[in-house]
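J.: Pasting in a structure now, in structure tokens, and then I'll have a few things to ask.
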There are 4 protein chains.
Amino acid sequence: VSDEIGFIGLGNMGSAMAGLLLDAGFRLRVYNRTRAKAEPLGERGAVIASRPAEAVEPGGIVLSMLANDAAVEEIVPGEDGIAARLGEGGIHVSMSTIAPATSRRLAEMHRQTGSLYVAAPVFGRPEAAVAKKLWILLAGPQVARDRVRPLLDAMGQGVFEFGEDAAGVNVVKLAGNFLIASAMEAMAEAFTFAEKNGLERGRVAELFGRSIFACPIYQIYGKLIADEQFEPAGFAAELGLKDLDLVLKTASDSRMPMPLADLVRNRLTTTIVKGRRHIDWSGFTLTVAEDAGTR
Amino acid sequence: VSDEIGFIGLGNMGSAMAGLLLDAGFRLRVYNRTRAKAEPLGERGAVIASRPAEAVEPGGIVLSMLANDAAVEEIVPGEDGIAARLGEGGIHVSMSTIAPATSRRLAEMHRQTGSLYVAAPVFGRPEAAVAKKLWILLAGPQVARDRVRPLLDAMGQGVFEFGEDAAGVNVVKLAGNFLIASAMEAMAEAFTFAEKNGLERGRVAELFGRSIFACPIYQIYGKLIADEQFEPAGFAAELGLKDLDLVLKTASDSRMPMPLADLVRNRLTTTIVKGRRHIDWSGFTLTVAEDAGTR
Amino acid sequence: VSDEIGFIGLGNMGSAMAGLLLDAGFRLRVYNRTRAKAEPLGERGAVIASRPAEAVEPGGIVLSMLANDAAVEEIVPGEDGIAARLGEGGIHVSMSTIAPATSRRLAEMHRQTGSLYVAAPVFGRPEAAVAKKLWILLAGPQVARDRVRPLLDAMGQGVFEFGEDAAGVNVVKLAGNFLIASAMEAMAEAFTFAEKNGLERGRVAELFGRSIFACPIYQIYGKLIADEQFEPAGFAAELGLKDLDLVLKTASDSRMPMPLADLVRNRLTTTIVKGRRHIDWSGFTLTVAEDAGTR
Amino acid sequence: VSDEIGFIGLGNMGSAMAGLLLDAGFRLRVYNRTRAKAEPLGERGAVIASRPAEAVEPGGIVLSMLANDAAVEEIVPGEDGIAARLGEGGIHVSMSTIAPATSRRLAEMHRQTGSLYVAAPVFGRPEAAVAKKLWILLAGPQVARDRVRPLLDAMGQGVFEFGEDAAGVNVVKLAGNFLIASAMEAMAEAFTFAEKNGLERGRVAELFGRSIFACPIYQIYGKLIADEQFEPAGFAAELGLKDLDLVLKTASDSRMPMPLADLVRNRLTTTIVKGRRHIDWSGFTLTVAEDAGTR
């Protein structure tokens, strides 16, 4: 059993999450493609690895928080991949938002080396991660879940377990991002509707955030959308489009229509082709206002 | 100044609201087309009027909670209408969900008799009304708002004032019902997406209601939609369609596209033509499951 | 029985149609709100009336070709209306694109004066009207249809009769305009799809117009949409929006979802709010290109 | 140079097309996975091959008409693939409806063996193929187009050339199938709209097919949709869904929203999950009627 936890992928989310593990007293070996992003953690005592496998101890635990499916599929297989390095009894905690089908392939790669794979995608923007306010999903083999649970408890305000099938929580994560994007579409139409009829967007957003929709998504995104403040991005539009593409790909594979997902995906596509790839994904709501002639 | 408050319209919502006023010590004169529904309040001390104007004292306050625009427009104008009966300084508190344009016409009718008109639509289902958990919007002349405020405080958990233009809160109320219906569509697609990929609907609903969507709409409707429990109706599908029609009529008049409102309106229409007029409006989500082949 | 035919409404369409009646040897009494538009017909021998009723002979035939429902409803009823003026046995041939419900009201107004009402909406743009290429629908009492048929034959390349119920052809006309707008949406998506993948829009439009879609709508609008040539307008965007509003109002009254009509109506709405009210209605396809980032 | 033309893929379409080549005097070597389908052609003099490569002569011409991308990608590469067998100067005429990206990969496979690849997808149902009424698109290297042109002329009523880039005509073919599906959606909404308002579907379909939409798609599919006659299938719903999936995948790759394609794809998906996979693809219009409560 390992003493040092591996952490691969130190973007805004990953850096904040690794920082919480250090706060909780865990010892870390961290890796990021751009080494500079690892240095603040190095200053706090983390060992900086020069390639993914170097962040991993045989039989240990490694967490990954990467940008997309391809990035995860790159580090797992092969002689120098983390599956081989983890070996018998080692555990990979895959926290990225990826396709359920990818998760299934990753689980299989690990099975072949005797290592275990759990999926643990999270809800929350970077500022929520910093504040230890993430919600974390978890699924995979029971033995692995039990062993990684203390790590996850150190990073969020709640962990929800969904059984043995790792891919299941990737489905739930996609469903959640779809729900968030749908709420944004709904708010954008509602606020613009109010505005076109003489009301102040911000006042309407505030009302709903304090009454029937008194929950983070409506409060945080409600304010961003009412104020049309889409920079800096907490989660970029192009990543939002990637997630909606995954939602619709998974829906298509399971043969179901999702007209609201189509609508939101189309808005994100237009956002990208209009050159707004780097604004926050909630910025797709600009197209609601533009279609209504208010911008 | 009047001693007795008038209350017109004693459906599920109106009866509960009038009951709260009695609880708070107000004396009431009540009217309902079907007299039987007034009797429980009569037993608690309310005077039962035999026509709308009889529920009204000159210079007093009357509240109305009726099924649709036509029902309100029927009781206000004319010699025996409540506007004439209220006369100089009397106040009509219009709590029904009606079109902003109707509200504007009603305000004008009252202006002509020297009476005042405020709109005070509410959010909450009948069980919320009973529990004094309504959220109440309020707009109209300041002097009238100040005078009716104690009544509204007795009926809900919060009152939000939106200035002088009564029709403004009718816009906000429609925006709110649209937001609720949109959340239902989003949940139905998300839960069915999860179900088609091997997850349990109820477990997914519960997760979201306890985390990023921990607010009443997602908790209450999330459970109804996950369990597909659409009877008895808290708010019937045909009333939901009426509201979405008002939303889209108002959007069209103000020249704005609302594709998500179109989507939800179409689902409600299909719900009605399939003979489900009397189930809860959240029952439109059955069409999501049917389109996906899971029902 | 009358010798002179009345013709009310001399816009681009009406003028061309009245001209064809003169060509065919009919004698006309014409009326238009802006008298200047009547003068070219006056020079060709038509009598210019100074108010609608003056264009009508008792027991005669009058044709109307007006901009919207309100304009037709203004000239028919009342002491000086055309229904009273026509009297027993007179016939009103209503050729405007109006709601079926309006048509039903107009038929009733005529019934009360003993006059007869037939609806005869047309398909074709002004240049088709000039070239006697209109397609004309016809419904109403048999005796009236028989009597007006020679006039219609003089104005188009084909007349389709649909029985006794005048409002029926107003439904068909709305269905047709919806079909045309739908074809425009489809072409705009298809051409932009081709363009985004390296093909020339015009070449693609030409192919389809010469093969599987070798019919006027695809040929004429295909070229306009491929070339994005939306001025001058043959039929203005704001009239297109009016028609789609009628389609959706009629659909809503008969309880049916029309998601493709919603889509097109939304595009026309955006066209109007972006200040393009006066371009051709096919110009709504600009929003397809804009959403795809090619304009 | 070869004397015998190869033909691979003898479904309803392929058999009819190969038959036309025999009619025109060409000598054929044919291959089909299920040999029985090749026998009628064998009786007419075609040589029946027992594997794809056997249908091909070095330096010759082979046509393929297969069910999907995978089927084409299976026969081209490898030692026993048709690319190797064709060798220097041989030509593969790929007539299936496949993704542009697949076409690009196939062109590259051929380039590596010195053989040439042209794409030649067709428009028309099996009965049109039999009647030599297909419309054929053609793109690829000029030298190859010139050489195969007589074969294509023998199979259709018109050939449209689109230059050097083979994948371009696959784009156009997808655009065409999208246009057809869109016309079906439009007709279904229009006919149901008419029906809900008292008109006869068939009469309305006939009117449009004889006037503003006097072209094969509206005439043939108009009748099928009006009569709701979806069996036997000319082109099965599951193939229609495959094509719409290709359209939307290609649209997504080129970053463009196609809301009408989304709508039609969703209808086809619902058609499949409701167990109607084998009916004609125009049968997706049943969902229009079902949503309107008329079935």
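Ligands are numbered from 1 in the order shown, chains are lettered A, B, ... in the order of the structure tokens, and residues start at 1 in each chain.
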Against chain C, which residues of chain A fall within 10 Å? For each one I want the closest pair of atoms and the distance in Å (one decimal), counting only C-alpha atoms, rows by chain and increasing residue number, as a Markdown table.
T.:
| residue | atom | partner | partner_atom | distance |
| --- | --- | --- | --- | --- |
| A:Asn266 | CA | C:Asp291 | CA | 8.4 |
| A:Arg267 | CA | C:Asp291 | CA | 8.2 |
| A:Thr269 | CA | C:Ala292 | CA | 7.8 |
| A:Thr270 | CA | C:Asp291 | CA | 5.1 |
| A:Thr271 | CA | C:Asp291 | CA | 8.4 |
| A:Ile272 | CA | C:Gly293 | CA | 8.6 |
| A:Val273 | CA | C:Gly293 | CA | 5.0 |
| A:Lys274 | CA | C:Gly293 | CA | 5.7 |
| A:Gly275 | CA | C:Gly293 | CA | 8.7 |
| A:Thr287 | CA | C:Asp291 | CA | 8.8 |
| A:Glu290 | CA | C:Thr270 | CA | 8.1 |
| A:Asp291 | CA | C:Thr270 | CA | 5.1 |
| A:Ala292 | CA | C:Thr270 | CA | 6.0 |
| A:Gly293 | CA | C:Val273 | CA | 5.0 |
| A:Thr294 | CA | C:Val273 | CA | 8.4 |
| A:Arg295 | CA | C:Lys274 | CA | 9.6 |
J.: Please write the residues from the selection above to a file, keeping N, CA, C and O atoms, as an mmCIF file, in the first residue's frame.
T.:
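Result written to selection_12.cif:
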data_model
loop_
_atom_site.group_PDB
_atom_site.id
_atom_site.type_symbol
_atom_site.label_atom_id
_atom_site.label_comp_id
_atom_site.auth_asym_id
_atom_site.auth_seq_id
_atom_site.Cartn_x
_atom_site.Cartn_y
_atom_site.Cartn_z
ATOM 1 N N ASN A 266 -26.932 23.607 -30.055
ATOM 2 C CA ASN A 266 -26.904 24.547 -31.171
ATOM 3 C C ASN A 266 -26.471 25.939 -30.714
ATOM 4 O O ASN A 266 -25.724 26.622 -31.410
ATOM 5 N N ARG A 267 -26.952 26.365 -29.568
ATOM 6 C CA ARG A 267 -26.543 27.688 -29.069
ATOM 7 C C ARG A 267 -25.043 27.717 -28.780
ATOM 8 O O ARG A 267 -24.355 28.701 -29.063
ATOM 9 N N THR A 269 -22.773 25.890 -30.219
ATOM 10 C CA THR A 269 -22.095 25.875 -31.517
ATOM 11 C C THR A 269 -22.026 27.289 -32.093
ATOM 12 O O THR A 269 -20.977 27.748 -32.558
ATOM 13 N N THR A 270 -23.159 27.986 -32.074
ATOM 14 C CA THR A 270 -23.179 29.358 -32.580
ATOM 15 C C THR A 270 -22.231 30.244 -31.784
ATOM 16 O O THR A 270 -21.538 31.110 -32.338
ATOM 17 N N THR A 271 -22.173 30.021 -30.487
ATOM 18 C CA THR A 271 -21.251 30.789 -29.639
ATOM 19 C C THR A 271 -19.811 30.603 -30.110
ATOM 20 O O THR A 271 -19.050 31.570 -30.232
ATOM 21 N N ILE A 272 -19.456 29.371 -30.406
ATOM 22 C CA ILE A 272 -18.091 29.080 -30.857
ATOM 23 C C ILE A 272 -17.816 29.705 -32.226
ATOM 24 O O ILE A 272 -16.814 30.386 -32.410
ATOM 25 N N VAL A 273 -18.728 29.504 -33.170
ATOM 26 C CA VAL A 273 -18.450 30.024 -34.522
ATOM 27 C C VAL A 273 -18.486 31.547 -34.561
ATOM 28 O O VAL A 273 -17.958 32.153 -35.488
ATOM 29 N N LYS A 274 -19.097 32.169 -33.563
ATOM 30 C CA LYS A 274 -19.055 33.628 -33.505
ATOM 31 C C LYS A 274 -17.797 34.129 -32.802
ATOM 32 O O LYS A 274 -17.691 35.305 -32.459
ATOM 33 N N GLY A 275 -16.878 33.226 -32.535
ATOM 34 C CA GLY A 275 -15.597 33.646 -31.980
ATOM 35 C C GLY A 275 -15.583 33.815 -30.472
ATOM 36 O O GLY A 275 -14.722 34.495 -29.917
ATOM 37 N N THR A 287 -26.995 34.467 -27.322
ATOM 38 C CA THR A 287 -27.744 34.249 -28.569
ATOM 39 C C THR A 287 -29.247 34.371 -28.330
ATOM 40 O O THR A 287 -29.986 34.698 -29.250
ATOM 41 N N GLU A 290 -29.712 38.067 -28.575
ATOM 42 C CA GLU A 290 -29.521 38.511 -29.958
ATOM 43 C C GLU A 290 -30.718 38.132 -30.829
ATOM 44 O O GLU A 290 -31.177 38.926 -31.645
ATOM 45 N N ASP A 291 -31.226 36.935 -30.642
ATOM 46 C CA ASP A 291 -32.403 36.521 -31.413
ATOM 47 C C ASP A 291 -33.621 37.388 -31.087
ATOM 48 O O ASP A 291 -34.547 37.503 -31.889
ATOM 49 N N ALA A 292 -33.626 37.955 -29.877
ATOM 50 C CA ALA A 292 -34.750 38.808 -29.471
ATOM 51 C C ALA A 292 -34.496 40.274 -29.800
ATOM 52 O O ALA A 292 -35.336 41.133 -29.517
ATOM 53 N N GLY A 293 -33.320 40.561 -30.362
ATOM 54 C CA GLY A 293 -33.026 41.924 -30.769
ATOM 55 C C GLY A 293 -32.668 42.867 -29.627
ATOM 56 O O GLY A 293 -32.679 44.081 -29.794
ATOM 57 N N THR A 294 -32.326 42.328 -28.460
ATOM 58 C CA THR A 294 -31.992 43.240 -27.360
ATOM 59 C C THR A 294 -30.491 43.485 -27.246
ATOM 60 O O THR A 294 -30.069 44.289 -26.423
ATOM 61 N N ARG A 295 -29.666 42.784 -28.024
ATOM 62 C CA ARG A 295 -28.218 43.077 -28.075
ATOM 63 C C ARG A 295 -27.840 43.381 -29.507
ATOM 64 O O ARG A 295 -28.263 42.658 -30.399
#
J.: Excluding Glu228 of chain C and residues on its chain fewer than 6 positions from it, collect all residues at most 10 Å away from it, counting only C-alpha atoms, and give them as JSON, numbers by chain.
T.: {"C": [188, 201, 202, 221, 222, 282, 283, 285, 286, 289]}
J.: May I ask which of the residues A:Phe235, A:Phe123, A:Phe162, A:Phe284 is the closest one to Met187 of chain A, counting only C-alpha atoms?
T.: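 Smallest distance to Met187 of chain A is found for A:Phe284.
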J.: Could you pull out the alpha helix (DSSP H) residues of segment 20-255 of chain B from DSSP and send them as a ChimeraX atom specification?
T.: /B:20-23,39-43,69-75,82-86,100-111,126-130,142-153,166-196,201-210,216-227,237-253
J.: What's around Gly42 of chain B at 12 Å? Count only C-alpha atoms, leave out sequence neighbours fewer than 2 positions away in its own chain, and write the answer as a VMD selection string.
T.: chain B and resid 10 15 18 to 19 22 27 to 32 35 to 40 44 to 49
J.: Excluding Arg33 of chain B and any residue of its chain fewer than 6 positions from it, enumerate the residues within 10 Å of it, using only C-alpha atoms, and give them as a PyMOL selection string.
T.: chain B and resi 8-11+49-52
J.: Using the selection just defined, write its residues with N, CA and C atoms as an mmCIF file, in the first residue's frame.
T.:
data_model
loop_
_atom_site.group_PDB
_atom_site.id
_atom_site.type_symbol
_atom_site.label_atom_id
_atom_site.label_comp_id
_atom_site.auth_asym_id
_atom_site.auth_seq_id
_atom_site.Cartn_x
_atom_site.Cartn_y
_atom_site.Cartn_z
ATOM 1 N N ILE B 8 -62.730 36.593 -3.492
ATOM 2 C CA ILE B 8 -63.515 36.013 -4.590
ATOM 3 C C ILE B 8 -62.711 34.909 -5.282
ATOM 4 N N GLY B 9 -63.275 33.728 -5.335
ATOM 5 C CA GLY B 9 -62.588 32.606 -5.999
ATOM 6 C C GLY B 9 -62.022 31.641 -4.983
ATOM 7 N N LEU B 10 -62.749 30.525 -4.750
ATOM 8 C CA LEU B 10 -62.380 29.618 -3.662
ATOM 9 C C LEU B 10 -62.077 28.209 -4.181
ATOM 10 N N GLY B 11 -61.207 28.150 -5.185
ATOM 11 C CA GLY B 11 -60.711 26.841 -5.632
ATOM 12 C C GLY B 11 -59.719 26.319 -4.597
ATOM 13 N N ALA B 49 -71.093 35.640 0.430
ATOM 14 C CA ALA B 49 -71.819 36.550 -0.455
ATOM 15 C C ALA B 49 -72.468 35.764 -1.584
ATOM 16 N N SER B 50 -73.548 36.325 -2.128
ATOM 17 C CA SER B 50 -74.242 35.584 -3.182
ATOM 18 C C SER B 50 -73.896 36.096 -4.575
ATOM 19 N N ARG B 51 -73.164 37.181 -4.664
ATOM 20 C CA ARG B 51 -72.611 37.615 -5.942
ATOM 21 C C ARG B 51 -71.327 38.405 -5.664
ATOM 22 N N PRO B 52 -70.443 38.548 -6.632
ATOM 23 C CA PRO B 52 -69.129 39.150 -6.375
ATOM 24 C C PRO B 52 -69.220 40.494 -5.648
#
J.: Just the residues within 9 Å of segment 247-262 of chain A, please, counting only C-alpha atoms, with nothing from its chain fewer than 6 positions along; format it as an MDAnalysis selection string.
T.: (chainID A and resid 99:101 171 174:175 177:178 181:182) or (chainID B and resid 185:186 189:190 192:193 196:197 260 263 288:289 291:293) or (chainID D and resid 245 257 259 262:263 265:267 269:270 272:273)
J.: One decimal, in Å: what's the spacing between atom CA of Ala84 of chain D and atom CA of Arg145 of chain D?
T.: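 Distance reported for this atom pair: 20.1 Å.
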J.: Residues near Val130 of chain D, anyone? I mean within 12 Å using only C-alpha atoms, not counting same-chain ones fewer than 4 positions away, as number ranges by chain.
T.: D: 12-21, 23, 124-126, 134, 154-157
J.: Store the residues picked out above, limited to N, CA, C and O atoms, as a PDB file, in the first residue's frame.
T.:
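Below is the file selection.pdb, written as the result:
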ATOM      1  N   ASN D  12     -31.891  -4.015 -52.995  1.00  0.00           N
ATOM      2  CA  ASN D  12     -32.919  -3.540 -53.927  1.00  0.00           C
ATOM      3  C   ASN D  12     -32.358  -2.550 -54.932  1.00  0.00           C
ATOM      4  O   ASN D  12     -32.655  -2.622 -56.129  1.00  0.00           O
ATOM      5  N   MET D  13     -31.537  -1.632 -54.439  1.00  0.00           N
ATOM      6  CA  MET D  13     -30.991  -0.615 -55.327  1.00  0.00           C
ATOM      7  C   MET D  13     -29.942  -1.217 -56.258  1.00  0.00           C
ATOM      8  O   MET D  13     -30.002  -1.038 -57.476  1.00  0.00           O
ATOM      9  N   GLY D  14     -28.973  -1.910 -55.672  1.00  0.00           N
ATOM     10  CA  GLY D  14     -27.869  -2.452 -56.461  1.00  0.00           C
ATOM     11  C   GLY D  14     -28.338  -3.395 -57.554  1.00  0.00           C
ATOM     12  O   GLY D  14     -27.861  -3.334 -58.693  1.00  0.00           O
ATOM     13  N   SER D  15     -29.280  -4.273 -57.229  1.00  0.00           N
ATOM     14  CA  SER D  15     -29.772  -5.224 -58.234  1.00  0.00           C
ATOM     15  C   SER D  15     -30.386  -4.497 -59.425  1.00  0.00           C
ATOM     16  O   SER D  15     -30.137  -4.850 -60.587  1.00  0.00           O
ATOM     17  N   ALA D  16     -31.187  -3.488 -59.114  1.00  0.00           N
ATOM     18  CA  ALA D  16     -31.823  -2.744 -60.205  1.00  0.00           C
ATOM     19  C   ALA D  16     -30.781  -2.052 -61.070  1.00  0.00           C
ATOM     20  O   ALA D  16     -30.853  -2.054 -62.304  1.00  0.00           O
ATOM     21  N   MET D  17     -29.775  -1.470 -60.418  1.00  0.00           N
ATOM     22  CA  MET D  17     -28.756  -0.732 -61.148  1.00  0.00           C
ATOM     23  C   MET D  17     -27.899  -1.670 -62.004  1.00  0.00           C
ATOM     24  O   MET D  17     -27.579  -1.364 -63.168  1.00  0.00           O
ATOM     25  N   ALA D  18     -27.522  -2.808 -61.431  1.00  0.00           N
ATOM     26  CA  ALA D  18     -26.741  -3.780 -62.201  1.00  0.00           C
ATOM     27  C   ALA D  18     -27.547  -4.271 -63.402  1.00  0.00           C
ATOM     28  O   ALA D  18     -27.010  -4.452 -64.500  1.00  0.00           O
ATOM     29  N   GLY D  19     -28.842  -4.458 -63.181  1.00  0.00           N
ATOM     30  CA  GLY D  19     -29.712  -4.877 -64.277  1.00  0.00           C
ATOM     31  C   GLY D  19     -29.682  -3.885 -65.434  1.00  0.00           C
ATOM     32  O   GLY D  19     -29.672  -4.271 -66.616  1.00  0.00           O
ATOM     33  N   LEU D  20     -29.651  -2.605 -65.116  1.00  0.00           N
ATOM     34  CA  LEU D  20     -29.610  -1.589 -66.167  1.00  0.00           C
ATOM     35  C   LEU D  20     -28.308  -1.670 -66.962  1.00  0.00           C
ATOM     36  O   LEU D  20     -28.281  -1.414 -68.169  1.00  0.00           O
ATOM     37  N   LEU D  21     -27.218  -1.995 -66.255  1.00  0.00           N
ATOM     38  CA  LEU D  21     -25.943  -2.120 -66.965  1.00  0.00           C
ATOM     39  C   LEU D  21     -25.985  -3.295 -67.942  1.00  0.00           C
ATOM     40  O   LEU D  21     -25.489  -3.195 -69.070  1.00  0.00           O
ATOM     41  N   ASP D  23     -28.734  -4.398 -69.311  1.00  0.00           N
ATOM     42  CA  ASP D  23     -29.599  -3.905 -70.396  1.00  0.00           C
ATOM     43  C   ASP D  23     -28.796  -3.132 -71.439  1.00  0.00           C
ATOM     44  O   ASP D  23     -29.061  -3.212 -72.642  1.00  0.00           O
ATOM     45  N   GLY D 124     -33.109   8.475 -55.580  1.00  0.00           N
ATOM     46  CA  GLY D 124     -34.178   7.682 -56.182  1.00  0.00           C
ATOM     47  C   GLY D 124     -34.434   6.440 -55.368  1.00  0.00           C
ATOM     48  O   GLY D 124     -33.510   5.875 -54.781  1.00  0.00           O
ATOM     49  N   ARG D 125     -35.679   6.012 -55.328  1.00  0.00           N
ATOM     50  CA  ARG D 125     -36.043   4.802 -54.626  1.00  0.00           C
ATOM     51  C   ARG D 125     -35.904   3.601 -55.569  1.00  0.00           C
ATOM     52  O   ARG D 125     -35.695   3.796 -56.773  1.00  0.00           O
ATOM     53  N   PRO D 126     -35.995   2.379 -55.064  1.00  0.00           N
ATOM     54  CA  PRO D 126     -35.804   1.201 -55.919  1.00  0.00           C
ATOM     55  C   PRO D 126     -36.648   1.243 -57.193  1.00  0.00           C
ATOM     56  O   PRO D 126     -36.155   0.910 -58.279  1.00  0.00           O
ATOM     57  N   LEU D 134     -33.018   7.309 -61.908  1.00  0.00           N
ATOM     58  CA  LEU D 134     -32.142   7.855 -60.863  1.00  0.00           C
ATOM     59  C   LEU D 134     -31.493   9.151 -61.316  1.00  0.00           C
ATOM     60  O   LEU D 134     -31.293   9.382 -62.508  1.00  0.00           O
ATOM     61  N   ALA D 154     -25.935   5.042 -68.236  1.00  0.00           N
ATOM     62  CA  ALA D 154     -26.807   3.892 -68.487  1.00  0.00           C
ATOM     63  C   ALA D 154     -27.741   3.591 -67.313  1.00  0.00           C
ATOM     64  O   ALA D 154     -28.651   2.785 -67.424  1.00  0.00           O
ATOM     65  N   MET D 155     -27.482   4.242 -66.166  1.00  0.00           N
ATOM     66  CA  MET D 155     -28.264   3.898 -64.974  1.00  0.00           C
ATOM     67  C   MET D 155     -29.236   4.979 -64.513  1.00  0.00           C
ATOM     68  O   MET D 155     -30.037   4.733 -63.611  1.00  0.00           O
ATOM     69  N   GLY D 156     -29.173   6.202 -65.086  1.00  0.00           N
ATOM     70  CA  GLY D 156     -30.033   7.254 -64.548  1.00  0.00           C
ATOM     71  C   GLY D 156     -30.564   8.166 -65.617  1.00  0.00           C
ATOM     72  O   GLY D 156     -30.245   8.021 -66.800  1.00  0.00           O
ATOM     73  N   GLN D 157     -31.373   9.123 -65.189  1.00  0.00           N
ATOM     74  CA  GLN D 157     -31.903  10.093 -66.146  1.00  0.00           C
ATOM     75  C   GLN D 157     -31.055  11.348 -66.196  1.00  0.00           C
ATOM     76  O   GLN D 157     -31.305  12.239 -67.014  1.00  0.00           O
TER      77      GLN D 157
END
J.: Segment 70-252 of chain B: which residues are strand (DSSP E or B) by DSSP, as a list of chain:residue names?
T.: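 Filtering segment 70-252 of chain B down to strand (DSSP E or B) leaves B:Ile91, B:His92, B:Val93, B:Ser94, B:Leu116, B:Tyr117, B:Val118, B:Ala119, B:Val122, B:Phe123, B:Leu134, B:Trp135, B:Ile136, B:Leu137, B:Leu138, B:Ala139, B:Gly156, B:Gln157, B:Gly158, B:Val159, B:Phe160, B:Glu161, B:Ala236.
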